[in-house]
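Read the structure below first, then the notes.
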Amino acid sequence: MTTTYTFLGHAVHAIETGGHKLLIDPFLEGNPQAAAKADEIAADYILVSHGHADHIGDSIAIAQRTGAQIICNAEIFEWLYRQGIENVHEQHIGGGYQHPFGHLKFTHAQHGSSLPDGSYGGNPAGFLLTTNDNKRIYLACDTGFYSDMALHGEDGLDLAVLPIGDNYTMGPKDALRAVKLLSPKHVVPCHYNTFPVIQQDAEAWAAQVRAQSTATPHVLKPGESLTL
Ligand code: NI
Ligand code: MN
């Protein structure tokens, strides 16, 4: 059994574990970095961290085409239900659940979560995933830095995926602080260079991570993967 993480551009992620295909925040249509097409990508599960358009993205269209189950908070669940999407598992911050692909816990995220039509999207989340082959992955999703992130790394992390773009989320300096608190084996930066206000030098950030922490950074181009 293997677990593979793939960066699909901006803050779109795919994880394949034990034959299950997870898609996280599938904003593909209109995403200048997208390494996949919304009308072609495969998914068994779609995880939605919050309601912003660059995260909920093409979730509905992909769920309708593939039959994938959407996993999101209670407020986004209500919004999806009103649009006829019924294969949804709702969770909320601090809550974990044993899914067929592994244990998924919703973590706190310091951000907003309104939906594209202005509907209330509840609180935004990050994800802490423990796969069935015992790989632990933390997807911070859109968040500012908070020191309790240290707690997400307490049981060890094989991979942390962190935003470094600044402006909307943690910037490089705070993302480096997060790496030091989380102590993951591997770290991948995301949510940068998609728009003019989030331009960053990811290689320079990776060099700082290498020099100042025990984590191994991987600056993945959209479409590139990391096998854990
Ligand atoms: Ni956002
Ligand atoms: Mn975002």
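Residues are named by chain letter and number: chains run A, B, ... in the order of the structure tokens, numbers start at 1 in each chain, and ligands are numbered from 1 in the order shown.
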Wanna dump the chain A-ligand 2 contacts at 9 Å for me, each residue with its shortest atom pair and the distance in Å to one decimal, counting only C-alpha atoms and all ligand atoms, ordered by chain and number, as a Markdown table?
| residue | atom | partner | partner_atom_place_in_ligand_line | distance |
| --- | --- | --- | --- | --- |
| A:His10 | CA | ligand 2 | 1 (Mn) | 8.1 |
| A:Ala11 | CA | ligand 2 | 1 (Mn) | 6.9 |
| A:His50 | CA | ligand 2 | 1 (Mn) | 8.7 |
| A:His52 | CA | ligand 2 | 1 (Mn) | 6.6 |
| A:Ala53 | CA | ligand 2 | 1 (Mn) | 7.8 |
| A:Asp54 | CA | ligand 2 | 1 (Mn) | 5.3 |
| A:His55 | CA | ligand 2 | 1 (Mn) | 6.1 |
| A:Cys141 | CA | ligand 2 | 1 (Mn) | 7.7 |
| A:Asp142 | CA | ligand 2 | 1 (Mn) | 5.5 |
| A:Thr143 | CA | ligand 2 | 1 (Mn) | 8.8 |
| A:Pro163 | CA | ligand 2 | 1 (Mn) | 8.9 |
| A:Tyr168 | CA | ligand 2 | 1 (Mn) | 6.9 |
| A:Thr169 | CA | ligand 2 | 1 (Mn) | 7.7 |
| A:His191 | CA | ligand 2 | 1 (Mn) | 6.7 |
Okay, now the selection with C-alpha atoms, as a PDB file, in the first residue's frame?
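New file result_3.pdb:
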ATOM      1  CA  HIS A  10      -2.562  26.947  -6.209  1.00  0.00           C
ATOM      2  CA  ALA A  11      -4.161  25.079  -3.265  1.00  0.00           C
ATOM      3  CA  HIS A  50     -13.802  26.476   3.197  1.00  0.00           C
ATOM      4  CA  HIS A  52     -14.020  30.669  -0.994  1.00  0.00           C
ATOM      5  CA  ALA A  53     -14.200  30.287  -4.774  1.00  0.00           C
ATOM      6  CA  ASP A  54     -10.523  29.300  -5.077  1.00  0.00           C
ATOM      7  CA  HIS A  55     -11.285  26.278  -2.823  1.00  0.00           C
ATOM      8  CA  CYS A 141      -5.313  25.081   3.973  1.00  0.00           C
ATOM      9  CA  ASP A 142      -5.950  28.840   4.060  1.00  0.00           C
ATOM     10  CA  THR A 143      -4.821  30.104   7.445  1.00  0.00           C
ATOM     11  CA  PRO A 163       0.458  28.212   2.303  1.00  0.00           C
ATOM     12  CA  TYR A 168      -4.501  36.053   2.275  1.00  0.00           C
ATOM     13  CA  THR A 169      -2.637  33.437   4.355  1.00  0.00           C
ATOM     14  CA  HIS A 191      -1.114  29.058  -2.328  1.00  0.00           C
TER      15      HIS A 191
END
Strand (DSSP E or B) positions in region 135-199 of chain A, given as a PDB file with N, CA, C and O atoms, in the first residue's frame:
ATOM      1  N   ARG A 136       0.881  10.292   8.214  1.00  0.00           N
ATOM      2  CA  ARG A 136       0.161  11.434   8.786  1.00  0.00           C
ATOM      3  C   ARG A 136       0.457  12.700   7.969  1.00  0.00           C
ATOM      4  O   ARG A 136       1.619  13.060   7.764  1.00  0.00           O
ATOM      5  N   ILE A 137      -0.608  13.317   7.498  1.00  0.00           N
ATOM      6  CA  ILE A 137      -0.500  14.482   6.612  1.00  0.00           C
ATOM      7  C   ILE A 137      -1.316  15.632   7.199  1.00  0.00           C
ATOM      8  O   ILE A 137      -2.493  15.454   7.545  1.00  0.00           O
ATOM      9  N   TYR A 138      -0.693  16.793   7.300  1.00  0.00           N
ATOM     10  CA  TYR A 138      -1.416  17.993   7.736  1.00  0.00           C
ATOM     11  C   TYR A 138      -1.509  18.967   6.573  1.00  0.00           C
ATOM     12  O   TYR A 138      -0.488  19.415   6.040  1.00  0.00           O
ATOM     13  N   LEU A 139      -2.738  19.260   6.164  1.00  0.00           N
ATOM     14  CA  LEU A 139      -2.993  20.284   5.147  1.00  0.00           C
ATOM     15  C   LEU A 139      -3.524  21.496   5.903  1.00  0.00           C
ATOM     16  O   LEU A 139      -4.655  21.475   6.412  1.00  0.00           O
ATOM     17  N   LEU A 159       4.069  14.566   6.314  1.00  0.00           N
ATOM     18  CA  LEU A 159       4.001  15.669   5.350  1.00  0.00           C
ATOM     19  C   LEU A 159       3.139  16.804   5.893  1.00  0.00           C
ATOM     20  O   LEU A 159       2.061  16.556   6.437  1.00  0.00           O
ATOM     21  N   ALA A 160       3.639  18.016   5.743  1.00  0.00           N
ATOM     22  CA  ALA A 160       2.820  19.206   5.997  1.00  0.00           C
ATOM     23  C   ALA A 160       2.748  19.998   4.696  1.00  0.00           C
ATOM     24  O   ALA A 160       3.759  20.161   4.007  1.00  0.00           O
ATOM     25  N   VAL A 161       1.559  20.453   4.342  1.00  0.00           N
ATOM     26  CA  VAL A 161       1.364  21.285   3.153  1.00  0.00           C
ATOM     27  C   VAL A 161       0.888  22.643   3.646  1.00  0.00           C
ATOM     28  O   VAL A 161      -0.178  22.748   4.264  1.00  0.00           O
ATOM     29  N   LEU A 162       1.701  23.664   3.396  1.00  0.00           N
ATOM     30  CA  LEU A 162       1.467  24.972   4.009  1.00  0.00           C
ATOM     31  C   LEU A 162       1.390  26.085   2.974  1.00  0.00           C
ATOM     32  O   LEU A 162       2.173  26.107   2.018  1.00  0.00           O
ATOM     33  N   PRO A 163       0.490  27.048   3.183  1.00  0.00           N
ATOM     34  CA  PRO A 163       0.458  28.212   2.303  1.00  0.00           C
ATOM     35  C   PRO A 163       1.642  29.129   2.617  1.00  0.00           C
ATOM     36  O   PRO A 163       2.011  29.296   3.775  1.00  0.00           O
ATOM     37  N   HIS A 186       8.490  15.962   5.735  1.00  0.00           N
ATOM     38  CA  HIS A 186       8.486  16.640   4.437  1.00  0.00           C
ATOM     39  C   HIS A 186       7.534  17.823   4.488  1.00  0.00           C
ATOM     40  O   HIS A 186       6.517  17.769   5.184  1.00  0.00           O
ATOM     41  N   VAL A 187       7.842  18.866   3.740  1.00  0.00           N
ATOM     42  CA  VAL A 187       6.933  20.019   3.667  1.00  0.00           C
ATOM     43  C   VAL A 187       6.837  20.508   2.229  1.00  0.00           C
ATOM     44  O   VAL A 187       7.831  20.539   1.497  1.00  0.00           O
ATOM     45  N   VAL A 188       5.622  20.840   1.818  1.00  0.00           N
ATOM     46  CA  VAL A 188       5.355  21.342   0.464  1.00  0.00           C
ATOM     47  C   VAL A 188       4.660  22.699   0.591  1.00  0.00           C
ATOM     48  O   VAL A 188       3.673  22.817   1.316  1.00  0.00           O
ATOM     49  N   PRO A 189       5.153  23.735  -0.100  1.00  0.00           N
ATOM     50  CA  PRO A 189       4.477  25.032  -0.080  1.00  0.00           C
ATOM     51  C   PRO A 189       3.358  25.100  -1.122  1.00  0.00           C
ATOM     52  O   PRO A 189       3.434  24.447  -2.162  1.00  0.00           O
ATOM     53  N   CYS A 190       2.329  25.885  -0.813  1.00  0.00           N
ATOM     54  CA  CYS A 190       1.230  26.076  -1.771  1.00  0.00           C
ATOM     55  C   CYS A 190       0.649  27.484  -1.617  1.00  0.00           C
ATOM     56  O   CYS A 190       1.136  28.273  -0.816  1.00  0.00           O
TER      57      CYS A 190
END
### Task
Report the residues of chain A whose backbone DSSP state falls under helix (DSSP H, G or I), written as number ranges by chain.
A: 53-56, 59-66, 74-82, 149-152, 172-182, 196-198, 202-212
### Distance in Å - CA of Ile85 (chain A) versus CA of Ala125 (chain A)
20.5 Å
### Task
Give me, please, the distance in Å between CA of Asp201 (chain A) and CA of Val219 (chain A), quoted to one decimal.
10.1 Å
### Task
Please identify all polymer residues within 9 Å of region 181-183 of chain A, counting only C-alpha atoms, omitting same-chain residues fewer than 2 positions from it, and present them as a VMD selection string.
chain A and resid 147 to 154 156 to 157 160 176 to 179 185 to 186 213 to 215
### Message
Between CA of Lys37 (chain A) and CA of Leu8 (chain A), what is the distance in Å, rounded to a tenth?
### Response
10.0 Å
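Of the residues listed (A:Pro184, A:Gly95, A:Pro196, A:Pro172), A:Pro184 shows the shortest atom-to-atom separation from Pro217 (chain A); distances use only C-alpha atoms.
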### Selected residue of minimal separation from ligand 1 among A:Ile56, A:Val209, A:Ile164, A:Ala204, counting only C-alpha atoms and all ligand atoms
A:Ile56
### Query
What's the 12 Å shell around Pro26 (chain A), counting only C-alpha atoms, without same-chain residues fewer than 6 positions away, as a VMD selection string?
chain A and resid 7 to 14 33 to 39 41 to 43 45 to 63 70
### Query
With only C-alpha atoms as the atoms that count, which of A:Leu128, A:Val88, A:Ile71, A:Leu22 lies nearest to Thr4 (chain A)?
A:Leu22
### Task
Extract, using only C-alpha atoms, all DNA, RNA and protein residues at most 8 Å from Phe101 (chain A), discarding same-chain residues fewer than 5 positions from it, and format them as an MDAnalysis selection string.
chainID A and resid 17:18 20 131:132
### Message
Nearest residue to Tyr120 (chain A) out of A:Lys105, A:Tyr146, A:Tyr97, A:Asn73, using only C-alpha atoms?
### Response
A:Asn73
